[in-house]
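Undergrad: Sharing coords-v5.txt, compact mmCIF, C-alpha atoms:
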```
# COMPACT_ATOMS: atom_id res chain seq x y z
CA MET A 13 79.54 130.59 154.73
CA PRO A 14 76.47 131.18 152.70
CA ARG A 15 74.51 128.07 151.86
CA THR A 16 74.45 127.09 148.18
CA PRO A 17 70.89 126.77 146.94
CA ILE A 18 70.03 123.09 146.39
CA PRO A 19 69.23 123.41 142.65
CA MET A 20 72.58 125.05 142.00
CA ALA A 21 74.36 122.34 144.00
CA LEU A 22 72.65 119.61 142.02
CA ALA A 23 73.56 121.34 138.76
CA ALA A 24 77.16 121.61 139.86
CA MET A 25 77.24 117.92 140.80
CA SER A 26 75.77 116.81 137.48
CA LEU A 27 78.28 118.94 135.62
CA ALA A 28 81.09 117.35 137.59
CA ILE A 29 79.77 113.85 136.91
CA THR A 30 79.34 114.61 133.21
CA THR A 31 82.81 116.10 133.00
CA ALA A 32 84.33 113.08 134.74
CA ALA A 33 82.55 110.64 132.39
CA THR A 34 83.74 112.34 129.21
CA ALA A 35 87.32 113.12 130.25
CA GLN A 36 88.63 110.01 131.97
CA ILE A 37 92.22 109.13 132.61
CA ARG A 38 92.47 105.36 132.26
CA ALA A 39 95.13 103.10 133.73
CA SER A 40 95.16 101.27 130.40
CA GLU A 41 94.44 103.64 127.55
CA ARG A 42 93.23 102.21 124.27
CA GLY A 43 95.59 101.97 121.31
CA THR A 44 95.41 100.87 117.70
CA VAL A 45 98.04 99.77 115.22
CA SER A 46 97.41 98.93 111.61
CA GLN A 47 99.49 97.69 108.71
CA THR A 48 98.63 97.22 105.05
CA VAL A 49 100.55 94.73 102.95
CA ASP A 50 99.74 94.31 99.28
CA GLY A 51 96.18 95.48 99.83
CA ALA A 52 95.48 93.42 102.96
CA THR A 53 95.02 95.48 106.13
CA ILE A 54 95.67 94.00 109.57
CA THR A 55 94.51 96.07 112.56
CA ILE A 56 95.09 95.45 116.26
CA ASP A 57 92.91 97.32 118.76
CA TYR A 58 93.90 96.89 122.38
CA GLY A 59 94.14 98.28 125.89
CA ARG A 60 97.65 99.29 126.93
CA PRO A 61 98.43 98.47 130.54
CA GLN A 62 101.71 99.63 132.06
CA LEU A 63 104.08 97.73 134.34
CA ARG A 64 104.15 100.44 137.02
CA GLY A 65 106.79 98.48 138.91
CA ARG A 66 105.24 95.03 138.54
CA THR A 67 107.73 92.22 138.02
CA ASP A 68 105.61 89.13 138.58
CA LEU A 69 103.51 89.04 135.45
CA TRP A 70 103.72 85.41 134.37
CA GLY A 71 102.62 82.95 137.00
CA GLY A 72 101.88 85.82 139.31
CA GLU A 73 99.40 88.45 138.30
CA ILE A 74 98.62 86.39 135.20
CA TRP A 75 98.37 83.00 136.81
CA TRP A 76 99.39 79.80 135.08
CA GLY A 77 96.54 78.37 133.07
CA LYS A 78 94.80 81.68 132.61
CA VAL A 79 93.25 82.56 129.27
CA TRP A 80 94.41 86.17 129.14
CA THR A 81 93.85 88.85 126.56
CA PRO A 82 97.16 90.52 125.65
CA GLY A 83 95.80 93.94 126.46
CA ALA A 84 93.35 95.23 129.01
CA ASN A 85 89.65 95.78 129.70
CA TRP A 86 87.85 94.88 126.44
CA ALA A 87 89.72 92.10 124.71
CA THR A 88 92.40 92.82 122.18
CA THR A 89 91.02 92.40 118.69
CA ILE A 90 92.58 91.69 115.33
CA ASP A 91 90.81 92.60 112.13
CA VAL A 92 92.02 91.23 108.80
CA SER A 93 90.59 92.62 105.57
CA LYS A 94 91.64 89.58 103.54
CA ASP A 95 92.31 85.92 104.29
CA VAL A 96 95.83 85.72 105.73
CA THR A 97 97.95 83.18 107.53
CA ILE A 98 99.45 83.75 110.94
CA ASP A 99 102.32 81.46 111.86
CA GLY A 100 101.12 79.32 108.97
CA HIS A 101 97.55 79.04 110.27
CA ALA A 102 94.70 80.32 108.15
CA LEU A 103 92.88 83.34 109.52
CA ALA A 104 89.84 84.19 107.41
CA THR A 105 88.72 87.73 106.70
CA GLY A 106 87.01 89.22 109.74
CA SER A 107 87.48 90.31 113.35
CA TYR A 108 88.63 88.19 116.26
CA SER A 109 89.37 88.60 119.94
CA VAL A 110 92.92 87.63 120.80
CA TRP A 111 93.93 85.55 123.83
CA PHE A 112 97.00 83.83 125.21
CA GLU A 113 96.57 80.70 127.30
CA VAL A 114 99.53 81.08 129.60
CA LYS A 115 100.96 77.85 131.03
CA GLN A 116 104.30 76.98 132.53
CA ASP A 117 104.87 74.27 129.94
CA GLY A 118 103.86 76.35 126.98
CA TRP A 119 101.64 79.11 125.69
CA THR A 120 98.81 78.96 123.18
CA ALA A 121 97.54 81.78 120.98
CA ILE A 122 93.75 81.85 120.54
CA PHE A 123 91.86 83.84 117.91
CA ASP A 124 88.16 83.68 118.77
CA PRO A 125 85.54 84.76 116.20
CA GLU A 126 83.64 86.78 118.80
CA PRO A 127 85.59 90.05 118.95
CA HIS A 128 83.55 91.76 121.65
CA ARG A 129 84.58 90.07 124.89
CA PHE A 130 85.61 91.58 128.21
CA HIS A 131 88.97 90.54 129.62
CA LEU A 132 87.29 88.50 132.36
CA MET A 133 85.42 86.43 129.75
CA GLY A 134 88.14 84.31 128.20
CA PRO A 135 86.45 82.02 125.70
CA PRO A 136 86.30 78.27 126.29
CA PRO A 137 87.85 76.05 123.59
CA ALA A 138 85.72 75.92 120.46
CA ASP A 139 86.07 74.41 117.02
CA ASN A 140 85.73 77.75 115.28
CA GLN A 141 88.77 79.22 116.99
CA VAL A 142 92.27 79.38 115.53
CA ARG A 143 94.63 77.98 118.17
CA PHE A 144 98.31 77.18 117.96
CA PRO A 145 101.33 77.05 120.26
CA ILE A 146 103.52 80.11 120.63
CA VAL A 147 106.91 80.61 122.22
CA PRO A 148 107.47 83.73 124.34
CA ALA A 149 110.94 85.19 124.04
CA GLU A 150 113.05 87.37 126.30
CA GLY A 151 113.67 90.90 125.09
CA PRO A 152 114.34 94.45 126.25
CA SER A 153 111.85 95.69 128.82
CA THR A 154 108.71 97.33 127.48
CA GLU A 155 106.87 99.46 130.04
CA VAL A 156 103.63 99.82 128.09
CA LEU A 157 102.10 96.72 126.50
CA THR A 158 102.70 97.16 122.79
CA TRP A 159 101.57 95.51 119.58
CA SER A 160 103.61 96.42 116.52
CA PHE A 161 104.68 95.39 113.03
CA PRO A 162 108.48 95.52 113.22
CA ALA A 163 108.96 93.91 109.81
CA VAL A 164 107.05 94.42 106.58
CA ARG A 165 107.71 92.78 103.23
CA PRO A 166 105.71 92.51 99.97
CA THR A 167 104.27 89.12 101.01
CA GLY A 168 103.60 89.72 104.70
CA GLY A 169 105.44 90.75 107.82
CA THR A 170 105.92 90.27 111.54
CA LEU A 171 103.30 91.06 114.16
CA GLN A 172 104.75 91.38 117.63
CA PHE A 173 103.44 91.57 121.18
CA ALA A 174 105.71 92.92 123.90
CA TRP A 175 105.24 93.63 127.60
CA GLY A 176 107.83 93.61 130.31
CA THR A 177 110.73 91.53 129.07
CA THR A 178 108.49 89.15 127.12
CA ALA A 179 107.82 89.28 123.42
CA VAL A 180 105.82 87.03 121.12
CA SER A 181 106.30 87.34 117.37
CA PHE A 182 103.91 86.11 114.71
CA ASP A 183 104.74 85.61 111.04
CA LEU A 184 102.05 87.07 108.82
CA ALA A 185 101.58 86.07 105.19
CA VAL A 186 99.13 87.74 102.82
CA PRO A 187 97.94 86.49 99.44
CA ALA A 188 99.46 88.16 96.41
CA SER A 189 97.05 90.70 94.97
CA ARG A 190 98.10 89.91 91.43
CA ASP A 191 99.95 87.23 89.53
CA LEU A 192 103.38 88.63 88.74
CA THR A 193 104.30 85.81 86.37
CA VAL A 194 103.89 85.79 82.61
CA THR A 195 104.07 82.77 80.34
CA ARG A 196 106.52 82.53 77.47
CA GLY A 197 103.68 82.68 74.96
CA PHE A 198 102.33 85.86 76.51
CA ALA A 199 105.77 87.41 76.84
CA ASP A 200 106.63 86.83 73.18
CA ARG A 201 104.24 89.65 72.26
CA TYR A 202 106.46 92.14 74.07
CA VAL A 203 109.96 90.70 74.02
CA GLY A 204 112.36 92.71 71.86
CA SER A 205 114.28 95.95 71.62
CA TYR A 206 112.57 99.30 71.77
CA GLN A 207 113.51 102.91 71.27
CA LEU A 208 111.90 105.54 73.44
CA ARG A 209 111.21 109.08 72.26
CA PRO A 210 110.38 111.33 75.19
CA SER A 211 107.73 114.03 75.15
CA GLY A 212 106.52 116.85 77.33
CA PRO A 213 108.86 117.70 80.20
CA LEU A 214 111.38 114.96 79.50
CA GLY A 215 113.47 116.72 76.88
CA GLU A 216 114.52 115.26 73.56
CA THR A 217 117.18 112.61 74.14
CA GLU A 218 116.08 109.16 73.06
CA GLY A 219 116.97 105.93 74.79
CA GLY A 220 116.88 102.22 74.01
CA PHE A 221 116.05 99.20 76.13
CA ASP A 222 115.42 95.50 75.80
CA ILE A 223 112.50 93.51 77.11
CA SER A 224 113.23 89.85 77.82
CA HIS A 225 111.45 86.95 79.45
CA ALA A 226 113.31 85.45 82.41
CA ASN A 227 112.06 83.40 85.36
CA ASP A 228 108.46 83.97 84.25
CA ARG A 229 108.91 87.72 84.37
CA LEU A 230 109.11 90.46 81.77
CA VAL A 231 112.40 92.19 82.45
CA VAL A 232 113.48 95.58 81.13
CA ARG A 233 117.18 96.37 80.81
CA TRP A 234 118.64 99.59 79.45
CA GLU A 235 121.43 99.62 76.90
CA HIS A 236 123.10 102.40 78.83
CA PRO A 237 121.42 102.73 82.23
CA PRO A 238 121.34 106.40 83.12
CA ASP A 239 120.65 105.57 86.75
CA PRO A 240 121.64 102.32 88.47
CA ASN A 241 118.40 102.30 90.49
CA PHE A 242 116.38 101.42 87.42
CA ALA A 243 118.98 99.71 85.27
CA GLU A 244 116.67 96.72 85.44
CA PHE A 245 113.01 96.51 86.38
CA TRP A 246 110.05 94.21 85.82
CA LEU A 247 106.97 94.97 83.77
CA ILE A 248 103.95 94.13 85.93
CA HIS A 249 100.91 93.29 83.83
CA LEU A 250 97.88 95.40 84.73
CA GLY A 251 95.70 94.24 81.87
CA GLU A 252 94.75 95.41 78.40
CA GLY A 253 98.34 95.80 77.21
CA MET A 254 99.24 97.96 80.21
CA PHE A 255 102.23 97.40 82.45
CA ALA A 256 103.57 99.21 85.50
CA PRO A 257 107.27 99.23 86.39
CA GLY A 258 108.20 96.96 89.26
CA GLN A 259 111.16 98.34 91.16
CA LEU A 260 113.76 95.83 92.30
CA LYS A 261 116.28 95.65 95.07
CA ASP A 262 118.79 92.80 94.99
CA GLY A 263 116.62 91.11 92.41
CA ALA A 264 113.49 91.19 94.58
CA LEU A 265 110.40 93.27 93.89
CA PHE A 266 109.64 95.90 96.51
CA ASP A 267 107.41 98.45 94.75
CA ILE A 268 104.99 98.54 91.85
CA VAL A 269 105.02 102.08 90.49
CA THR A 270 101.49 102.56 89.21
CA ASP A 271 102.09 106.28 88.68
CA LEU A 272 103.75 105.26 85.39
CA VAL A 273 102.17 102.92 82.88
CA PHE A 274 103.46 101.45 79.63
CA GLU A 275 100.54 101.08 77.21
CA PHE A 276 101.55 98.71 74.42
CA THR A 277 99.81 98.61 71.04
CA PRO A 278 98.19 96.89 69.35
CA LEU A 279 96.12 94.85 71.81
CA GLU A 280 96.39 91.73 69.68
CA GLY A 281 99.48 90.23 68.11
CA LYS A 282 103.04 91.43 68.51
CA ALA A 283 103.48 94.83 70.15
CA THR A 284 104.86 97.41 67.79
CA GLY A 285 105.23 100.19 70.30
CA PHE A 286 103.98 101.79 73.43
CA GLU A 287 103.04 105.04 75.12
CA LEU A 288 104.46 105.91 78.52
CA ARG A 289 101.69 107.54 80.52
CA ALA A 290 101.98 109.26 83.90
CA LEU A 291 99.58 110.86 86.36
CA GLY A 292 96.86 112.85 84.68
CA ASP A 293 97.23 110.53 81.69
CA ALA A 294 100.13 112.75 80.62
CA LEU A 295 102.23 111.39 77.77
CA TRP A 296 105.86 111.11 78.86
CA GLY A 297 107.16 109.18 75.90
CA THR A 298 106.45 107.06 72.87
CA GLY A 299 108.29 103.86 72.13
CA THR A 300 108.68 101.90 68.92
CA ARG A 301 109.96 98.39 68.44
CA ALA A 302 113.45 98.36 66.94
CA ARG A 303 113.57 94.57 66.49
CA MET B 15 115.10 107.54 105.34
CA PRO B 16 113.49 106.01 102.27
CA PRO B 17 113.77 102.22 102.01
CA PHE B 18 117.10 100.99 100.65
CA GLY B 19 118.65 104.32 101.46
CA ARG B 20 118.67 106.09 98.15
CA GLN B 21 115.31 106.66 96.60
CA SER B 22 111.73 106.95 97.70
CA ARG B 23 108.98 105.64 95.46
CA ARG B 24 108.29 109.13 94.22
CA GLY B 25 111.97 109.62 93.56
CA PHE B 26 112.03 106.43 91.50
CA VAL B 27 109.12 107.65 89.38
CA ALA B 28 110.85 110.91 88.69
CA SER B 29 114.25 109.40 88.07
CA LEU B 30 112.84 106.63 85.88
CA ALA B 31 111.34 109.12 83.49
CA GLY B 32 114.20 111.59 83.62
CA GLY B 33 116.79 108.86 83.52
CA LEU B 34 115.13 107.21 80.54
CA LEU B 35 116.87 109.83 78.52
CA GLY B 36 120.14 109.88 80.39
CA MET B 37 119.80 113.60 80.76
CA LEU B 38 120.78 115.26 83.95
CA GLY B 39 118.78 118.23 84.94
CA THR B 40 115.69 117.17 83.03
CA PRO B 41 112.70 118.87 84.58
CA ARG B 42 110.85 116.38 86.76
CA VAL B 43 107.12 116.53 86.93
CA ARG B 44 105.86 115.96 90.44
CA PRO B 45 102.45 114.37 90.90
CA THR B 46 99.90 117.03 91.71
CA HIS B 47 96.97 116.82 94.08
CA ARG B 48 95.24 113.47 94.30
CA CYS B 49 91.98 112.67 95.97
CA HIS B 50 92.57 110.84 99.20
CA LEU B 51 89.43 108.77 98.86
CA SER B 52 90.37 105.15 98.37
CA ALA B 53 89.17 103.55 95.16
CA ALA B 54 85.84 101.91 95.84
CA SER B 55 84.85 98.57 94.42
CA GLY B 56 81.81 98.07 92.24
CA PRO B 57 80.69 97.52 88.68
CA HIS B 58 80.59 100.12 85.96
CA PRO B 59 77.09 101.62 85.68
CA ASP B 60 74.98 101.26 82.60
CA PRO B 61 74.74 104.58 80.77
CA ARG B 62 71.34 106.16 81.16
CA ARG B 63 69.31 106.03 77.98
CA ASP B 64 68.46 109.74 78.03
CA VAL B 65 71.78 110.99 79.38
CA ASP B 66 73.17 114.21 78.01
CA ALA B 67 75.92 116.68 78.83
CA SER B 68 73.69 119.51 79.94
CA GLN B 69 75.01 119.39 83.51
CA VAL B 70 78.71 119.28 82.59
CA LEU B 71 80.41 122.45 83.77
CA THR B 72 81.08 125.03 81.08
CA ALA B 73 84.17 127.11 80.48
CA GLU B 74 82.47 130.04 82.16
CA GLN B 75 82.05 127.93 85.29
CA LEU B 76 85.68 126.79 85.25
CA THR B 77 87.40 130.13 85.64
CA ARG B 78 89.24 128.80 88.71
CA ALA B 79 90.44 125.73 86.82
CA GLU B 80 91.02 126.82 83.26
CA HIS B 81 93.58 124.06 82.67
CA VAL B 82 90.80 121.44 82.74
CA ILE B 83 88.50 123.17 80.23
CA PRO B 84 89.73 120.95 77.33
CA LEU B 85 89.08 117.87 79.43
CA TYR B 86 85.58 119.02 80.32
CA ASP B 87 84.96 119.69 76.61
CA GLY B 88 86.11 116.16 75.85
CA ILE B 89 83.75 114.65 78.41
CA ARG B 90 80.96 116.91 77.19
CA ALA B 91 81.24 115.28 73.76
CA ILE B 92 80.82 111.72 75.09
CA PRO B 93 78.23 111.71 77.90
CA HIS B 94 76.94 108.29 76.80
CA ILE B 95 80.43 106.85 77.37
CA ALA B 96 81.34 108.74 80.55
CA ASP B 97 78.01 107.77 82.11
CA GLY B 98 78.96 104.11 81.67
CA ILE B 99 82.26 104.36 83.56
CA ARG B 100 82.68 104.07 87.32
CA CYS B 101 84.94 106.73 88.77
CA LYS B 102 87.83 105.11 90.64
CA CYS B 103 88.51 107.91 93.10
CA GLY B 104 85.91 106.58 95.52
CA CYS B 105 83.28 109.22 94.93
CA ALA B 106 80.94 106.61 93.46
CA ASP B 107 80.01 105.66 97.01
CA LEU B 108 78.93 109.22 97.76
CA GLU B 109 75.33 110.28 97.35
CA GLY B 110 74.75 112.06 94.08
CA PHE B 111 77.73 110.51 92.27
CA ARG B 112 76.67 107.93 89.71
CA SER B 113 79.41 107.73 87.11
CA LEU B 114 82.50 109.47 85.75
CA LEU B 115 80.12 111.87 84.02
CA THR B 116 78.74 113.13 87.33
CA CYS B 117 82.28 114.02 88.45
CA PHE B 118 82.30 116.63 85.69
CA GLU B 119 78.90 118.06 86.56
CA SER B 120 77.85 120.73 89.00
CA ASN B 121 79.50 119.20 92.07
CA GLY B 122 82.90 120.23 90.77
CA MET B 123 84.65 117.00 91.83
CA ALA B 124 86.81 116.75 88.71
CA MET B 125 88.04 120.35 89.01
CA ALA B 126 90.58 119.27 91.61
CA CYS B 127 90.59 115.46 91.75
CA GLN B 128 93.63 114.07 89.96
CA ILE B 129 92.05 110.64 89.63
CA CYS B 130 88.87 111.99 88.04
CA GLN B 131 91.03 113.99 85.63
CA SER B 132 93.39 111.10 84.82
CA GLU B 133 90.51 108.73 84.24
CA GLY B 134 88.61 111.31 82.22
CA ARG B 135 91.57 112.02 79.94
CA MET B 136 92.12 108.33 79.41
CA VAL B 137 88.46 107.73 78.55
CA VAL B 138 88.41 110.64 76.09
CA ARG B 139 91.64 109.44 74.49
CA LEU B 140 90.59 105.83 74.13
CA HIS B 141 87.19 106.77 72.71
CA ALA B 142 88.91 108.96 70.12
CA ALA B 143 91.09 105.95 69.25
CA GLY B 144 87.99 103.93 68.43
CA ARG B 145 87.71 101.78 71.55
CA THR B 146 84.29 100.47 72.54
CA LEU B 147 82.72 101.13 75.93
CA ASP B 148 83.59 97.63 77.11
CA GLN B 149 87.19 98.06 75.98
CA ILE B 150 87.42 101.42 77.72
CA ARG B 151 85.98 99.93 80.91
CA ALA B 152 88.59 97.16 80.82
CA ALA B 153 91.37 99.67 80.29
CA VAL B 154 90.12 101.81 83.18
CA ASP B 155 90.00 98.74 85.42
CA ALA B 156 93.53 97.80 84.41
CA ARG B 157 94.91 101.30 84.93
CA PHE B 158 93.06 102.29 88.08
CA GLY B 159 92.18 98.95 89.63
CA ASP B 160 89.04 96.87 89.46
CA GLY B 161 88.69 96.17 93.17
```
As structure tokens, how would this structure be written, given the file I've shared?
TA:
Amino acid sequence: MPRTPIPMALAAMSLAITTAATAQIRASERGTVSQTVDGATITIDYGRPQLRGRTDLWGGEIWWGKVWTPGANWATTIDVSKDVTIDGHALATGSYSVWFEVKQDGWTAIFDPEPHRFHLMGPPPADNQVRFPIVPAEGPSTEVLTWSFPAVRPTGGTLQFAWGTTAVSFDLAVPASRDLTVTRGFADRYVGSYQLRPSGPLGETEGGFDISHANDRLVVRWEHPPDPNFAEFWLIHLGEGMFAPGQLKDGALFDIVTDLVFEFTPLEGKATGFELRALGDALWGTGTRAR
Amino acid sequence: MPPFGRQSRRGFVASLAGGLLGMLGTPRVRPTHRCHLSAASGPHPDPRRDVDASQVLTAEQLTRAEHVIPLYDGIRAIPHIADGIRCKCGCADLEGFRSLLTCFESNGMAMACQICQSEGRMVVRLHAAGRTLDQIRAAVDARFGDG
């Protein structure tokens, strides 16, 4: 066998080392999950270990009393873009490393303000941490450690950890991005009956609707609803006489449709009419007060 | 499956407008292209004292977007207003973008950006209706967000 010249051998070795460093298969690959609720974004970044046949997680591989990051390698982190509450506990805007103190008589969730910690460096108790008891629950087996948001609602949602047959759920609450309520005095400017004349692509048939004030909301109801999905909707105040339709399901708001805007005039005093504007500032209709 | 089984958000927008009339088969206008830049926060800029419309694209430069020529003409007439409005498409955070006016200049941003166009049309319309710069800024913030 011919001998490989030394320089070529060294070059081949360095190429192999470089290739190995940039194309690694990891036992616990990194994953990210993110959820936005009413403008607040919550992001979990974490390593994803797999069971690979292990059945003795709690009290075994993760011994009782351990401060363990629910992930692998570099600690799991949570980033919140706005102040939120998690299980009723305030979590200020920022990034945190996430830990579980795992004990036989109860678990504790720990959110530490230093996000960049290795899994072997569980933080000691500190006043600037958010700590509260959590209750692990039994569930279907999850092979790969998973963080997810199985429930989302306009005011928050559920953040869930799952690995093996253990799950921990957290209730997230986010601050409302806008005040949806209107006072009676404010509403009186808009309350009444209106007639809409369409324009552009909407044809020529007019329609009438009433605006009323109920439960601190401006509520639109059609005389003859052409579609039951918008027989009733809220007017969400954007400012400067502008309102976006708030779509309802079972009386609860689930979407604010900012692609359509009602622009009422004048800006002061009782509204005498409005323009219905869509994307591109296109005019989709003109309304006048009937009474 | 859209939430609640029957209509997506986009479907609600279309059906709200079409259903306002109770007419079946009314043509439904679908939203066209929108910039995917998220609206950036920040104050409206002060209009430059010596600003003019010399850099606003002309009709000859808009042969690939003839439908926006009237809008560009509208902005061309009010550079001192457009230069005092922050564009809400997010481009204000990009180098070289100062105000809504710059979106209509040589970079060509407003040729395709639905938010630049929507905001531009609104600004032109409100100025023609006699609104002041401060009133137009407030309306833009209300319509497109003031975050």
Undergrad: Go ahead and compute the interatomic distance for atom CA of Arg209 of chain A and atom CA of Thr300 of chain A, in Å to one decimal.
TA: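 Straight-line distance from atom CA of Arg209 of chain A to atom CA of Thr300 of chain A works out to 8.3 Å.
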Undergrad: At most 12 Å from (90.4, 100.8, 88.5), file frame, all atoms listed in the file: which residues, as a ChimeraX atom specification?
TA: /A:250-251,270 /B:52-58,99-104,129-130,132-133,136,150-161
Undergrad: Quick check, in Å to one decimal: how far apart do atom CA of Tyr202 of chain A and atom CA of Asp262 of chain A lie?
TA: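 Atom CA of Asp262 of chain A lies at a distance of 24.3 Å from atom CA of Tyr202 of chain A.
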Undergrad: Output the contact residues of chain A with respect to chain B at a cut-off of 9 Å, based on all atoms listed in the file, as a compact mmCIF listing (two decimals) with C-alpha atoms, in the frame of the given file.
TA:
```txt
# COMPACT_ATOMS: atom_id res chain seq x y z
CA LEU A 208 111.90 105.54 73.44
CA ARG A 209 111.21 109.08 72.26
CA PRO A 210 110.38 111.33 75.19
CA PRO A 213 108.86 117.70 80.20
CA LEU A 214 111.38 114.96 79.50
CA GLY A 215 113.47 116.72 76.88
CA GLU A 216 114.52 115.26 73.56
CA THR A 217 117.18 112.61 74.14
CA GLU A 218 116.08 109.16 73.06
CA GLY A 219 116.97 105.93 74.79
CA GLY A 220 116.88 102.22 74.01
CA TRP A 234 118.64 99.59 79.45
CA HIS A 236 123.10 102.40 78.83
CA PRO A 237 121.42 102.73 82.23
CA PRO A 238 121.34 106.40 83.12
CA ASP A 239 120.65 105.57 86.75
CA ASN A 241 118.40 102.30 90.49
CA PHE A 242 116.38 101.42 87.42
CA HIS A 249 100.91 93.29 83.83
CA LEU A 250 97.88 95.40 84.73
CA GLY A 251 95.70 94.24 81.87
CA GLU A 252 94.75 95.41 78.40
CA GLY A 253 98.34 95.80 77.21
CA MET A 254 99.24 97.96 80.21
CA PHE A 255 102.23 97.40 82.45
CA ALA A 256 103.57 99.21 85.50
CA GLN A 259 111.16 98.34 91.16
CA LYS A 261 116.28 95.65 95.07
CA ASP A 267 107.41 98.45 94.75
CA ILE A 268 104.99 98.54 91.85
CA VAL A 269 105.02 102.08 90.49
CA THR A 270 101.49 102.56 89.21
CA ASP A 271 102.09 106.28 88.68
CA LEU A 272 103.75 105.26 85.39
CA VAL A 273 102.17 102.92 82.88
CA ALA A 290 101.98 109.26 83.90
CA LEU A 291 99.58 110.86 86.36
CA GLY A 292 96.86 112.85 84.68
CA ASP A 293 97.23 110.53 81.69
CA ALA A 294 100.13 112.75 80.62
CA TRP A 296 105.86 111.11 78.86
CA GLY A 297 107.16 109.18 75.90
```
Undergrad: List the neighbours of segment 148-165 of chain A out to 7 Å using all atoms listed in the file; skip same-chain residues closer than 2 positions along the sequence, and give me the result as a PyMOL selection string.
TA: chain A and resi 45+60-63+83+146+167-180
Undergrad: Could you jot down the atom CA of Val203 of chain A to atom CA of Ser224 of chain A separation for me, Å, one decimal place?
TA: 5.1 Å
Undergrad: Would you kindly return, as a VMD selection string, each protein, DNA or RNA residue with an atom no farther than 12 Å from any atom of Glu80 of chain B, considering all atoms listed in the file and excluding same-chain residues fewer than 6 positions away?
TA: chain B and resid 71 to 74 86 to 87 125 to 126
Undergrad: Have a look at A:Arg190, A:Trp119, A:Ala35, A:Ala199 and name the one nearest to Gly281 of chain A; count only C-alpha atoms.
TA: A:Ala199
Undergrad: With all atoms listed in the file as the counted atoms, please give the residues lying no more than 10 Å from Ala188 of chain A, apart from itself and same-chain residues fewer than 2 positions off, as a PDB file with C-alpha atoms, keeping the file's coordinate frame.
TA:
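Dumped everything to around01.pdb:
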```
ATOM      1  CA  VAL A  49     100.550  94.730 102.950  1.00  0.00           C
ATOM      2  CA  ASP A  50      99.740  94.310  99.280  1.00  0.00           C
ATOM      3  CA  GLY A  51      96.180  95.480  99.830  1.00  0.00           C
ATOM      4  CA  ALA A  52      95.480  93.420 102.960  1.00  0.00           C
ATOM      5  CA  PRO A 166     105.710  92.510  99.970  1.00  0.00           C
ATOM      6  CA  THR A 167     104.270  89.120 101.010  1.00  0.00           C
ATOM      7  CA  GLY A 168     103.600  89.720 104.700  1.00  0.00           C
ATOM      8  CA  ALA A 185     101.580  86.070 105.190  1.00  0.00           C
ATOM      9  CA  VAL A 186      99.130  87.740 102.820  1.00  0.00           C
ATOM     10  CA  ARG A 190      98.100  89.910  91.430  1.00  0.00           C
ATOM     11  CA  ASP A 191      99.950  87.230  89.530  1.00  0.00           C
ATOM     12  CA  LEU A 192     103.380  88.630  88.740  1.00  0.00           C
TER      13      LEU A 192
END
```
Undergrad: Name the residues, using the chain letters and numbers of the file, that sit within 8 Å of (101.6, 79.4, 122.1) when counting only C-alpha atoms, and give them as a list of chain:residue names.
TA: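 Checked against the point, the hits come out as A:Phe112, A:Glu113, A:Val114, A:Gly118, A:Trp119, A:Thr120, A:Ala121, A:Phe144, A:Pro145, A:Ile146, A:Val147, A:Pro148.
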Undergrad: Looking at all atoms listed in the file, which of A:Trp76, A:Tyr108, A:Phe266, A:Phe221 is the one that sits closest to Arg129 of chain A?
TA: A:Tyr108
Undergrad: Step by step: locate segment 81-105 of chain A in the block above, keep C-alpha atoms, then write the file as an mmCIF file, in the first residue's frame.
TA:
```cif
data_model
loop_
_atom_site.group_PDB
_atom_site.id
_atom_site.type_symbol
_atom_site.label_atom_id
_atom_site.label_comp_id
_atom_site.auth_asym_id
_atom_site.auth_seq_id
_atom_site.Cartn_x
_atom_site.Cartn_y
_atom_site.Cartn_z
ATOM 1 C CA THR A 81 -33.550 21.832 33.748
ATOM 2 C CA PRO A 82 -36.512 20.395 31.819
ATOM 3 C CA GLY A 83 -34.432 19.909 28.718
ATOM 4 C CA ALA A 84 -30.820 19.028 28.112
ATOM 5 C CA ASN A 85 -27.320 20.477 27.841
ATOM 6 C CA TRP A 86 -27.756 24.274 28.010
ATOM 7 C CA ALA A 87 -30.661 25.097 30.271
ATOM 8 C CA THR A 88 -34.147 25.483 28.919
ATOM 9 C CA THR A 89 -34.984 29.152 28.558
ATOM 10 C CA ILE A 90 -38.219 31.086 28.438
ATOM 11 C CA ASP A 91 -38.372 34.513 26.859
ATOM 12 C CA VAL A 92 -41.400 36.743 27.391
ATOM 13 C CA SER A 93 -41.783 39.907 25.342
ATOM 14 C CA LYS A 94 -44.220 41.483 27.806
ATOM 15 C CA ASP A 95 -44.919 41.137 31.514
ATOM 16 C CA VAL A 96 -47.056 38.012 31.945
ATOM 17 C CA THR A 97 -48.197 35.803 34.775
ATOM 18 C CA ILE A 98 -47.487 32.110 34.963
ATOM 19 C CA ASP A 99 -49.689 30.139 37.326
ATOM 20 C CA GLY A 100 -50.605 33.520 38.776
ATOM 21 C CA HIS A 101 -47.003 34.549 39.443
ATOM 22 C CA ALA A 102 -45.623 37.648 37.793
ATOM 23 C CA LEU A 103 -42.912 37.056 35.214
ATOM 24 C CA ALA A 104 -41.437 40.328 33.988
ATOM 25 C CA THR A 105 -40.369 40.912 30.402
#
```
